[in-house]
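S.K.: Contents are mmCIF, C-alpha atoms; file name upload32.cif:
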data_my_file
#
loop_
_atom_site.label_atom_id
_atom_site.label_comp_id
_atom_site.auth_asym_id
_atom_site.auth_seq_id
_atom_site.Cartn_x
_atom_site.Cartn_y
_atom_site.Cartn_z
CA MET C 1468 0.00 0.00 0.00
CA GLU C 1469 1.10 3.54 -0.71
CA PRO C 1470 1.31 6.12 2.11
CA SER C 1471 -1.99 7.51 3.39
CA ILE C 1472 -2.91 10.38 1.08
CA SER C 1473 -5.64 12.95 0.55
CA LEU C 1474 -7.81 12.06 -2.43
CA SER C 1475 -9.21 15.54 -3.03
CA PRO C 1476 -7.23 18.67 -3.89
CA GLN C 1477 -6.63 20.94 -0.92
CA PHE C 1478 -4.20 23.51 -2.22
CA LEU C 1479 -1.51 24.98 -0.03
CA GLU C 1480 -1.73 28.79 -0.11
CA LYS C 1481 1.03 29.74 2.33
CA SER C 1482 4.62 28.59 2.46
CA LYS C 1483 5.73 26.14 5.14
CA SER C 1484 8.08 27.40 7.84
CA SER C 1485 11.06 25.08 7.31
CA LEU C 1486 12.55 22.33 5.18
CA THR C 1487 11.33 19.74 7.70
CA ALA C 1488 7.80 21.13 7.48
CA TRP C 1489 7.90 20.96 3.69
CA VAL C 1490 9.10 17.35 3.74
CA ASP C 1491 6.39 16.40 6.24
CA TYR C 1492 3.80 18.02 3.98
CA PHE C 1493 5.03 16.20 0.87
CA ARG C 1494 5.19 12.82 2.63
CA ALA C 1495 1.41 12.41 2.37
CA ILE C 1496 0.50 14.15 -0.89
CA GLU C 1497 -1.35 12.57 -3.77
CA ILE C 1498 0.39 12.21 -7.13
CA PRO C 1499 -2.24 12.36 -9.87
CA VAL C 1500 -1.15 11.21 -13.33
CA LEU C 1501 -2.07 12.36 -16.80
CA ALA C 1502 -5.55 11.31 -17.93
CA THR C 1503 -4.27 9.45 -20.99
CA THR C 1504 -1.95 7.42 -18.77
CA ALA C 1505 -4.71 6.45 -16.34
CA GLU C 1506 -7.04 5.49 -19.20
CA GLN C 1507 -4.44 3.33 -20.94
CA ILE C 1508 -3.47 1.53 -17.72
CA ASP C 1509 -7.13 0.78 -16.96
CA ALA C 1510 -7.58 -0.57 -20.48
CA LEU C 1511 -4.50 -2.79 -20.22
CA ALA C 1512 -5.68 -4.13 -16.85
CA LEU C 1513 -8.72 -5.68 -18.52
CA ASP C 1514 -6.46 -8.29 -20.13
CA GLU C 1515 -3.23 -8.23 -18.14
CA ASP C 1516 -2.08 -11.62 -19.45
CA THR C 1517 -1.36 -10.03 -22.84
CA VAL C 1518 0.51 -7.00 -21.50
CA ASP C 1519 4.08 -6.57 -22.71
CA MET C 1520 6.45 -5.27 -20.01
CA ASN C 1521 8.33 -3.10 -22.49
CA ASP C 1522 5.14 -1.43 -23.72
CA LEU C 1523 4.01 -0.80 -20.15
CA ALA C 1524 7.41 0.69 -19.24
CA ALA C 1525 7.21 2.95 -22.30
CA LEU C 1526 3.76 4.12 -21.21
CA ILE C 1527 5.06 4.94 -17.74
CA ASN C 1528 8.09 6.75 -19.14
CA ASN C 1529 5.83 8.95 -21.22
CA ASP C 1530 4.35 10.45 -18.04
CA PRO C 1531 6.78 11.81 -15.42
CA LEU C 1532 3.96 11.90 -12.86
CA MET C 1533 3.28 8.19 -13.32
CA LEU C 1534 6.97 7.39 -13.13
CA LEU C 1535 7.28 9.37 -9.90
CA ARG C 1536 4.21 7.63 -8.47
CA LEU C 1537 5.67 4.20 -9.34
CA LEU C 1538 9.03 4.99 -7.74
CA ARG C 1539 7.43 6.36 -4.57
CA HIS C 1540 5.27 3.26 -4.32
CA ALA C 1541 8.34 1.05 -4.76
CA GLY C 1542 10.17 3.07 -2.10
CA ALA C 1543 7.34 2.49 0.36
CA LYS C 1544 7.45 -1.24 -0.40
CA ASN C 1545 11.17 -1.29 0.26
CA LEU C 1546 10.57 0.10 3.74
CA LYS C 1547 8.98 -3.23 4.56
CA GLY C 1548 12.08 -5.09 3.46
CA ARG C 1549 10.63 -6.51 0.27
CA ASN C 1550 13.32 -6.84 -2.39
CA PRO C 1551 14.89 -3.38 -2.22
CA ALA C 1552 16.06 -2.35 -5.66
CA ASP C 1553 19.67 -1.65 -6.42
CA PRO C 1554 19.83 2.16 -6.57
CA LYS C 1555 22.18 1.88 -9.56
CA SER C 1556 19.70 -0.24 -11.53
CA VAL C 1557 16.21 1.14 -11.22
CA SER C 1558 14.77 1.75 -14.65
CA SER C 1559 11.00 1.56 -14.85
CA LEU C 1560 11.25 -1.71 -16.80
CA GLU C 1561 13.39 -3.32 -14.09
CA MET C 1562 11.03 -1.98 -11.44
CA LEU C 1563 8.07 -3.58 -13.21
CA ILE C 1564 9.89 -6.90 -13.44
CA LEU C 1565 10.60 -6.78 -9.70
CA MET C 1566 6.99 -5.87 -8.92
CA GLY C 1567 5.16 -8.14 -11.34
CA ILE C 1568 2.24 -7.38 -13.64
CA THR C 1569 -0.62 -8.39 -11.33
CA PRO C 1570 0.63 -6.42 -8.29
CA PHE C 1571 1.21 -3.44 -10.58
CA PHE C 1572 -2.39 -3.36 -11.80
CA ARG C 1573 -3.65 -3.99 -8.27
CA SER C 1574 -1.95 -0.77 -7.17
CA PHE C 1575 -2.26 1.47 -10.23
CA THR C 1576 -5.75 1.25 -11.71
CA HIS C 1577 -8.39 3.97 -11.38
CA LEU C 1578 -5.78 6.61 -10.67
CA PRO C 1579 -6.65 10.28 -10.09
CA CYS C 1580 -5.96 12.52 -13.08
CA ALA C 1581 -4.06 15.80 -13.06
CA GLU C 1582 -6.54 17.36 -15.48
CA ASN C 1583 -9.40 16.74 -13.04
CA TRP C 1584 -7.25 17.66 -10.04
CA LEU C 1585 -6.55 21.11 -11.52
CA ALA C 1586 -9.89 21.55 -13.31
CA GLU C 1587 -10.57 24.78 -11.43
CA ARG C 1588 -6.96 26.00 -11.59
CA MET C 1589 -6.26 26.12 -15.31
CA GLU C 1590 -3.26 28.41 -14.87
CA ALA C 1591 -1.74 25.68 -12.71
CA MET C 1592 -2.39 23.08 -15.40
CA SER C 1593 -0.60 25.31 -17.89
CA GLY C 1594 2.32 25.65 -15.48
CA LEU C 1595 2.44 21.89 -14.94
CA ASP C 1596 2.39 21.31 -18.71
CA ARG C 1597 5.39 23.60 -19.13
CA VAL C 1598 7.37 21.68 -16.51
CA LEU C 1599 6.41 18.31 -18.02
CA ASP C 1600 7.43 19.52 -21.47
CA LEU C 1601 10.78 20.71 -20.10
CA GLY C 1602 11.34 17.32 -18.49
CA HIS C 1603 10.55 15.46 -21.71
CA ARG C 1604 12.92 17.65 -23.71
CA ALA C 1605 15.71 17.24 -21.18
CA ALA C 1606 15.16 13.47 -21.08
CA ARG C 1607 15.36 13.15 -24.86
CA PHE C 1608 18.58 15.14 -24.94
CA ALA C 1609 20.09 13.19 -22.04
CA HIS C 1610 19.19 9.86 -23.63
CA GLY C 1611 20.64 11.04 -26.93
CA PHE C 1612 23.91 12.08 -25.31
CA ALA C 1613 24.16 8.77 -23.45
CA THR C 1614 23.44 6.80 -26.63
CA GLN C 1615 26.08 8.77 -28.49
CA LEU C 1616 28.52 7.71 -25.77
CA ASP C 1617 27.34 4.06 -25.96
CA ASP C 1618 26.36 4.18 -22.29
CA PRO C 1619 24.36 1.04 -21.37
CA ASN C 1620 22.62 3.03 -18.61
CA ALA C 1621 20.93 5.37 -21.08
CA PRO C 1622 17.43 4.45 -19.75
CA LEU C 1623 18.43 5.49 -16.21
CA ILE C 1624 19.92 8.72 -17.50
CA HIS C 1625 16.69 9.38 -19.40
CA GLU C 1626 14.60 8.87 -16.26
CA ALA C 1627 16.88 11.01 -14.08
CA ALA C 1628 16.46 13.93 -16.49
CA LEU C 1629 12.73 13.29 -16.81
CA LEU C 1630 12.24 13.58 -13.05
CA HIS C 1631 14.75 16.35 -12.34
CA HIS C 1632 11.93 18.88 -11.93
CA PHE C 1633 9.62 16.69 -9.84
CA VAL C 1634 9.43 19.25 -7.01
CA GLU C 1635 8.19 21.90 -9.45
CA MET C 1636 5.58 19.41 -10.72
CA MET C 1637 4.35 18.85 -7.18
CA MET C 1638 4.25 22.58 -6.49
CA TRP C 1639 1.94 23.21 -9.45
CA LEU C 1640 -0.28 20.33 -8.32
CA HIS C 1641 -0.44 21.17 -4.61
CA ALA C 1642 0.64 24.79 -4.15
CA PRO C 1643 -0.21 26.50 -7.45
CA THR C 1644 -0.43 29.97 -5.89
CA LEU C 1645 3.16 29.68 -4.66
CA ALA C 1646 4.30 28.14 -7.96
CA GLN C 1647 2.75 31.06 -9.80
CA GLN C 1648 4.55 33.52 -7.53
CA ILE C 1649 7.86 31.85 -8.40
CA ASP C 1650 6.98 31.94 -12.10
CA THR C 1651 6.03 35.62 -11.97
CA LEU C 1652 9.14 36.54 -10.00
CA GLN C 1653 11.37 34.95 -12.62
CA ALA C 1654 9.43 36.54 -15.48
CA THR C 1655 9.82 40.01 -13.98
CA THR C 1656 13.42 39.61 -12.79
CA PRO C 1657 15.75 38.85 -15.72
CA GLY C 1658 18.55 36.50 -14.77
CA LEU C 1659 16.89 35.26 -11.59
CA ARG C 1660 17.49 31.53 -11.29
CA THR C 1661 14.83 29.07 -10.18
CA ARG C 1662 16.66 28.20 -6.95
CA GLN C 1663 16.90 31.89 -6.04
CA ALA C 1664 13.21 32.49 -6.78
CA CYS C 1665 12.19 29.44 -4.75
CA ARG C 1666 14.22 30.58 -1.77
CA MET C 1667 12.53 34.01 -1.94
CA VAL C 1668 9.00 32.55 -2.13
CA LEU C 1669 9.31 29.28 -0.20
CA GLY C 1670 12.09 30.16 2.22
CA ILE C 1671 14.04 27.01 1.32
CA ASP C 1672 16.57 25.86 -1.22
CA LEU C 1673 14.97 23.88 -4.06
CA LEU C 1674 17.89 21.46 -4.34
CA GLU C 1675 17.80 20.74 -0.61
CA LEU C 1676 14.07 20.01 -0.82
CA ARG C 1677 14.54 17.70 -3.81
CA LEU C 1678 17.30 15.75 -2.06
CA ALA C 1679 15.27 15.57 1.15
CA LEU C 1680 12.26 14.18 -0.72
CA ILE C 1681 14.39 11.62 -2.55
CA LYS C 1682 15.43 10.40 0.89
CA ALA C 1683 11.99 10.67 2.52
CA TRP C 1684 10.22 8.87 -0.33
CA HIS C 1685 13.06 6.34 -0.65
CA LEU C 1686 13.41 7.16 -4.32
CA PRO C 1687 16.35 5.65 -6.22
CA ASP C 1688 19.67 7.21 -5.25
CA VAL C 1689 20.45 7.59 -8.93
CA LEU C 1690 18.04 10.55 -9.08
CA ALA C 1691 20.36 12.44 -6.77
CA GLN C 1692 23.61 11.02 -8.10
CA LEU C 1693 22.98 11.92 -11.74
CA THR C 1694 22.11 15.56 -11.03
CA ASP C 1695 24.77 16.22 -8.39
CA ASP C 1696 27.09 19.09 -9.27
CA ASP C 1697 29.67 17.59 -6.90
CA HIS C 1698 30.07 14.76 -9.42
CA ALA C 1699 29.85 16.95 -12.51
CA LYS C 1700 32.98 15.45 -14.05
CA ARG C 1701 31.25 12.08 -14.50
CA ALA C 1702 30.01 11.65 -18.06
CA GLN C 1703 26.59 10.38 -16.91
CA VAL C 1704 26.09 13.40 -14.67
CA ARG C 1705 27.17 15.74 -17.44
CA CYS C 1706 24.64 14.09 -19.78
CA VAL C 1707 21.81 15.02 -17.42
CA ILE C 1708 23.04 18.48 -16.40
CA LEU C 1709 23.80 19.58 -19.97
CA ALA C 1710 20.50 18.14 -21.21
CA ILE C 1711 18.60 20.18 -18.63
CA ARG C 1712 20.53 23.31 -19.55
CA LEU C 1713 19.91 22.76 -23.26
CA ALA C 1714 16.19 22.16 -22.72
CA ARG C 1715 15.85 25.40 -20.76
CA HIS C 1716 17.90 27.49 -23.14
CA THR C 1717 16.13 26.40 -26.36
CA ARG C 1718 12.51 26.84 -25.31
CA LYS C 1719 11.93 29.48 -27.99
CA ASP C 1720 12.91 27.04 -30.76
CA PRO C 1721 11.40 23.65 -29.80
CA SER C 1722 12.42 21.95 -33.05
CA LEU C 1723 15.96 23.41 -33.00
CA LYS C 1724 15.75 23.79 -36.79
CA ALA C 1725 17.28 27.26 -36.67
CA LEU C 1726 20.20 25.88 -34.67
CA MET C 1727 21.56 23.95 -37.64
CA HIS C 1728 22.15 27.10 -39.67
CA LEU C 1729 23.88 29.28 -37.08
CA PRO C 1730 27.58 29.43 -36.33
CA VAL C 1731 28.32 29.08 -32.61
CA GLU C 1732 29.45 32.69 -32.29
CA GLN C 1733 25.94 33.87 -33.27
CA LEU C 1734 24.06 31.80 -30.70
CA ASN C 1735 24.35 34.41 -27.96
CA THR C 1736 23.45 37.47 -30.04
CA PRO C 1737 21.63 39.95 -27.73
CA GLY C 1738 17.87 39.82 -28.29
CA GLY C 1739 18.21 36.75 -30.47
CA LEU C 1740 16.26 33.50 -30.52
CA TYR C 1741 18.51 31.72 -28.04
CA HIS C 1742 19.56 32.14 -24.44
CA PRO C 1743 22.93 33.91 -23.98
CA ALA C 1744 24.36 30.78 -22.32
CA LEU C 1745 23.57 28.48 -25.25
CA ALA C 1746 26.93 28.98 -26.96
CA GLN C 1747 28.67 27.64 -23.86
CA ASP C 1748 26.15 24.79 -23.67
CA VAL C 1749 27.05 23.73 -27.21
CA LYS C 1750 30.76 23.88 -26.48
CA ASP C 1751 30.31 21.79 -23.33
CA ILE C 1752 28.15 19.23 -25.17
CA ALA C 1753 30.72 18.99 -27.95
CA ASP C 1754 33.37 18.32 -25.33
CA LEU C 1755 31.20 15.66 -23.66
CA LEU C 1756 30.49 13.88 -26.95
CA HIS C 1757 34.01 14.28 -28.33
CA LEU C 1758 32.66 16.10 -31.39
CA GLY C 1759 33.45 19.33 -33.15
CA LEU C 1760 31.14 22.32 -32.78
CA GLU C 1761 29.58 22.03 -36.21
CA PRO C 1762 28.81 18.29 -35.92
CA THR C 1763 27.30 19.00 -32.49
CA LEU C 1764 25.04 21.70 -33.93
CA SER C 1765 23.93 19.25 -36.62
CA LEU C 1766 23.28 16.48 -34.10
CA LEU C 1767 21.18 18.37 -31.55
CA PRO C 1768 18.03 18.85 -33.72
CA LYS C 1769 18.01 15.09 -34.34
CA LEU C 1770 17.67 14.47 -30.58
CA VAL C 1771 14.52 16.55 -30.07
#
With the file now loaded, output its structure as structure tokens.

M.R.:
Amino acid sequence: MEPSISLSPQFLEKSKSSLTAWVDYFRAIEIPVLATTAEQIDALALDEDTVDMNDLAALINNDPLMLLRLLRHAGAKNLKGRNPADPKSVSSLEMLILMGITPFFRSFTHLPCAENWLAERMEAMSGLDRVLDLGHRAARFAHGFATQLDDPNAPLIHEAALLHHFVEMMMWLHAPTLAQQIDTLQATTPGLRTRQACRMVLGIDLLELRLALIKAWHLPDVLAQLTDDDHAKRAQVRCVILAIRLARHTRKDPSLKALMHLPVEQLNTPGGLYHPALAQDVKDIADLLHLGLEPTLSLLPKLV
């Protein structure tokens, strides 16, 4: 069984007083999933004997909320000493194999949907969609980098990037007023980073909260390890960090088609299409992948 949770949205309007208070609050929250995910899982449950594990894992990986819900559930199971997963080997497919098809459907049918959860807070749904889109973009880039490096742990790197912004997802779902304040603060303060804005609104450091929740929910250690700046020299960590940077800095050109036709020195033109830091991103990615700058610029649109 998952932790005891509230099944109806009761949005938090005021910030908690400390990191401990935030963690205590998040211990018992609901994690609704996307409606299409819930519908497809319910349909598959009608004939579970024909379900392919790979297809089910792909479905889960298409919804960061569902992936987070699965990992939290598995973490709670591990507290009872039932086959704790190796934190270095925790892809959704491996988690499903450990859990089994029947127990999975027993725990994950008739799930609450984010669209219903935020039906009366459409601005929050828009904010959540933006975070989910950012996660998907970062995950595609991270997986592409890892594949280019022939890393056998590419699925784990993909999932680490996909869930990097899970705290922001939860804020839009459970504290949309505060999430909107953070969003507005960044929009009106050029150069203000997300961690700075969160500290101003929430009174805590976003990274500290993410790490505390990984521990409290007993999520795979790899989620912390692969986004840890202290290990930034590791190729796997660089895959995730650079993918997140690239996803953020190319939001104005989702397809990256324009990127193929620009020399690196024009990427940071003031007032241009791209973020001023993108030129450095491209140089760092080229270094990671052992490619020249021009081949890197040609490769990136293929990873979108």

S.K.: To one decimal in Å, tell me the separation between CA of Lys1769 (chain C) and CA of Arg1712 (chain C).

M.R.: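 Distance reported for this atom pair: 17.1 Å.
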
S.K.: Compile the contact shell of Leu1713 (chain C) as a PyMOL selection string: residues with an atom at most 12 Å away, counting only C-alpha atoms, same-chain residues fewer than 2 positions apart removed.

M.R.: chain C and resi 1601-1609+1612+1628+1705-1711+1715-1721+1723+1726+1741-1752+1764+1767-1768+1770-1771

S.K.: Which distance in Å separates CA of Lys1483 (chain C) and CA of Trp1639 (chain C), to one decimal?

M.R.: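 Separation between CA of Lys1483 (chain C) and CA of Trp1639 (chain C): 15.4 Å.
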
S.K.: Could you give me, as a PyMOL selection string, the residues within 9 Å of Gly1670 (chain C), counting all atoms listed in the file and dropping anything in the same chain fewer than 5 positions from it?

M.R.: chain C and resi 1482-1486+1665

S.K.: Neighbours of Thr1503 (chain C) within 10 Å (only C-alpha atoms; same-chain residues fewer than 2 positions away dropped), as a JSON list (two decimals) with C-alpha atoms, in the frame of the given file?

M.R.:
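File produced: around-v2.json:
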[["chain", "number", "residue", "atom", "x", "y", "z"],
["C", 1500, "VAL", "CA", -1.15, 11.21, -13.33],
["C", 1501, "LEU", "CA", -2.07, 12.36, -16.80],
["C", 1505, "ALA", "CA", -4.71, 6.45, -16.34],
["C", 1506, "GLU", "CA", -7.04, 5.49, -19.20],
["C", 1507, "GLN", "CA", -4.44, 3.33, -20.94],
["C", 1508, "ILE", "CA", -3.47, 1.53, -17.72],
["C", 1509, "ASP", "CA", -7.13, 0.78, -16.96],
["C", 1526, "LEU", "CA", 3.76, 4.12, -21.21],
["C", 1530, "ASP", "CA", 4.35, 10.45, -18.04],
["C", 1580, "CYS", "CA", -5.96, 12.52, -13.08],
["C", 1582, "GLU", "CA", -6.54, 17.36, -15.48]]

S.K.: Have a look at CA of Gln1663 (chain C) and CA of Gln1648 (chain C) and let me know their distance in Å, one decimal.

M.R.: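 These atoms are spaced 12.5 Å apart.
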
S.K.: Taking only residues of region 1588-1637 of chain C that have an atom at most 10 Å from an atom of region 1678-1694 of chain C, what is each one's shortest atom pair and its distance in Å to one decimal, using all atoms listed in the file, in chain and number order, as a tab-separated table?

M.R.:
residue	atom	partner	partner_atom	distance
C:Leu1623	CA	C:Val1689	CA	7.8
C:Ile1624	CA	C:Leu1693	CA	7.3
C:Glu1626	CA	C:Leu1690	CA	8.1
C:Ala1627	CA	C:Leu1690	CA	5.2
C:Ala1628	CA	C:Thr1694	CA	8.0
C:Leu1629	CA	C:Leu1690	CA	9.8
C:Leu1630	CA	C:Leu1690	CA	7.7
C:His1631	CA	C:Leu1690	CA	7.4
C:Phe1633	CA	C:Leu1680	CA	9.8
C:Val1634	CA	C:Leu1680	CA	8.6

S.K.: Suppose a student applies the PyMOL selection byres ((chain C and resi 1558) around 12) to this structure; what residues should they get, written as a PyMOL selection string?

M.R.: chain C and resi 1521+1524-1525+1527-1528+1534-1535+1537-1538+1541+1552-1557+1559-1565+1619-1627+1629+1686-1690

S.K.: In the coordinate frame of the file, compute which residues have an atom within 12 Å of (-7.4, 1.2, -12.8) when using only C-alpha atoms, and state them as a list in words.

M.R.: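 It turns out the residues near that spot are Val1500, Ala1502, Thr1504, Ala1505, Glu1506, Gln1507, Ile1508, Asp1509, Ala1510, Leu1511, Ala1512, Leu1513, Glu1515, Thr1569, Pro1570, Phe1571, Phe1572, Arg1573, Ser1574, Phe1575, Thr1576, His1577, Leu1578, Pro1579 and Cys1580 of chain C.
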
S.K.: Of the residues C:Leu1734, C:Ala1642, C:Ala1699, C:Met1589, which is the one nearest to Pro1476 (chain C), using all atoms listed in the file?

M.R.: C:Ala1642

S.K.: Tell me which of C:Val1490, C:Leu1659, C:Ile1568, C:Leu1674 sits closest to Met1520 (chain C), counting only C-alpha atoms.

M.R.: C:Ile1568

S.K.: Once you count all atoms listed in the file, which residues end up no further than 9 Å from (2.6, 24.7, -10.2) in the file's frame, shown as a PDB file with C-alpha atoms, in the frame of the given file?

M.R.:
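Once everything was written out, this is out_11.pdb:
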ATOM      1  CA  GLU C1590      -3.260  28.410 -14.870  1.00  0.00           C
ATOM      2  CA  ALA C1591      -1.740  25.680 -12.710  1.00  0.00           C
ATOM      3  CA  MET C1592      -2.390  23.080 -15.400  1.00  0.00           C
ATOM      4  CA  SER C1593      -0.600  25.310 -17.890  1.00  0.00           C
ATOM      5  CA  GLY C1594       2.320  25.650 -15.480  1.00  0.00           C
ATOM      6  CA  LEU C1595       2.440  21.890 -14.940  1.00  0.00           C
ATOM      7  CA  VAL C1598       7.370  21.680 -16.510  1.00  0.00           C
ATOM      8  CA  GLU C1635       8.190  21.900  -9.450  1.00  0.00           C
ATOM      9  CA  MET C1636       5.580  19.410 -10.720  1.00  0.00           C
ATOM     10  CA  MET C1637       4.350  18.850  -7.180  1.00  0.00           C
ATOM     11  CA  MET C1638       4.250  22.580  -6.490  1.00  0.00           C
ATOM     12  CA  TRP C1639       1.940  23.210  -9.450  1.00  0.00           C
ATOM     13  CA  LEU C1640      -0.280  20.330  -8.320  1.00  0.00           C
ATOM     14  CA  HIS C1641      -0.440  21.170  -4.610  1.00  0.00           C
ATOM     15  CA  ALA C1642       0.640  24.790  -4.150  1.00  0.00           C
ATOM     16  CA  PRO C1643      -0.210  26.500  -7.450  1.00  0.00           C
ATOM     17  CA  THR C1644      -0.430  29.970  -5.890  1.00  0.00           C
ATOM     18  CA  LEU C1645       3.160  29.680  -4.660  1.00  0.00           C
ATOM     19  CA  ALA C1646       4.300  28.140  -7.960  1.00  0.00           C
ATOM     20  CA  GLN C1647       2.750  31.060  -9.800  1.00  0.00           C
ATOM     21  CA  ASP C1650       6.980  31.940 -12.100  1.00  0.00           C
TER      22      ASP C1650
END

S.K.: Measuring between only C-alpha atoms, which one of C:Met1533, C:Leu1669, C:Trp1489, C:Gln1615 shows the shortest distance to Leu1755 (chain C)?

M.R.: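 That would be C:Gln1615, the residue with the smallest distance to Leu1755 (chain C).
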
S.K.: May I ask which of the residues C:Arg1662, C:Phe1478, C:Gly1611, C:Ile1496 is the closest one to Leu1676 (chain C), counting only C-alpha atoms?

M.R.: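 Among the listed residues, C:Arg1662 lies closest to Leu1676 (chain C).
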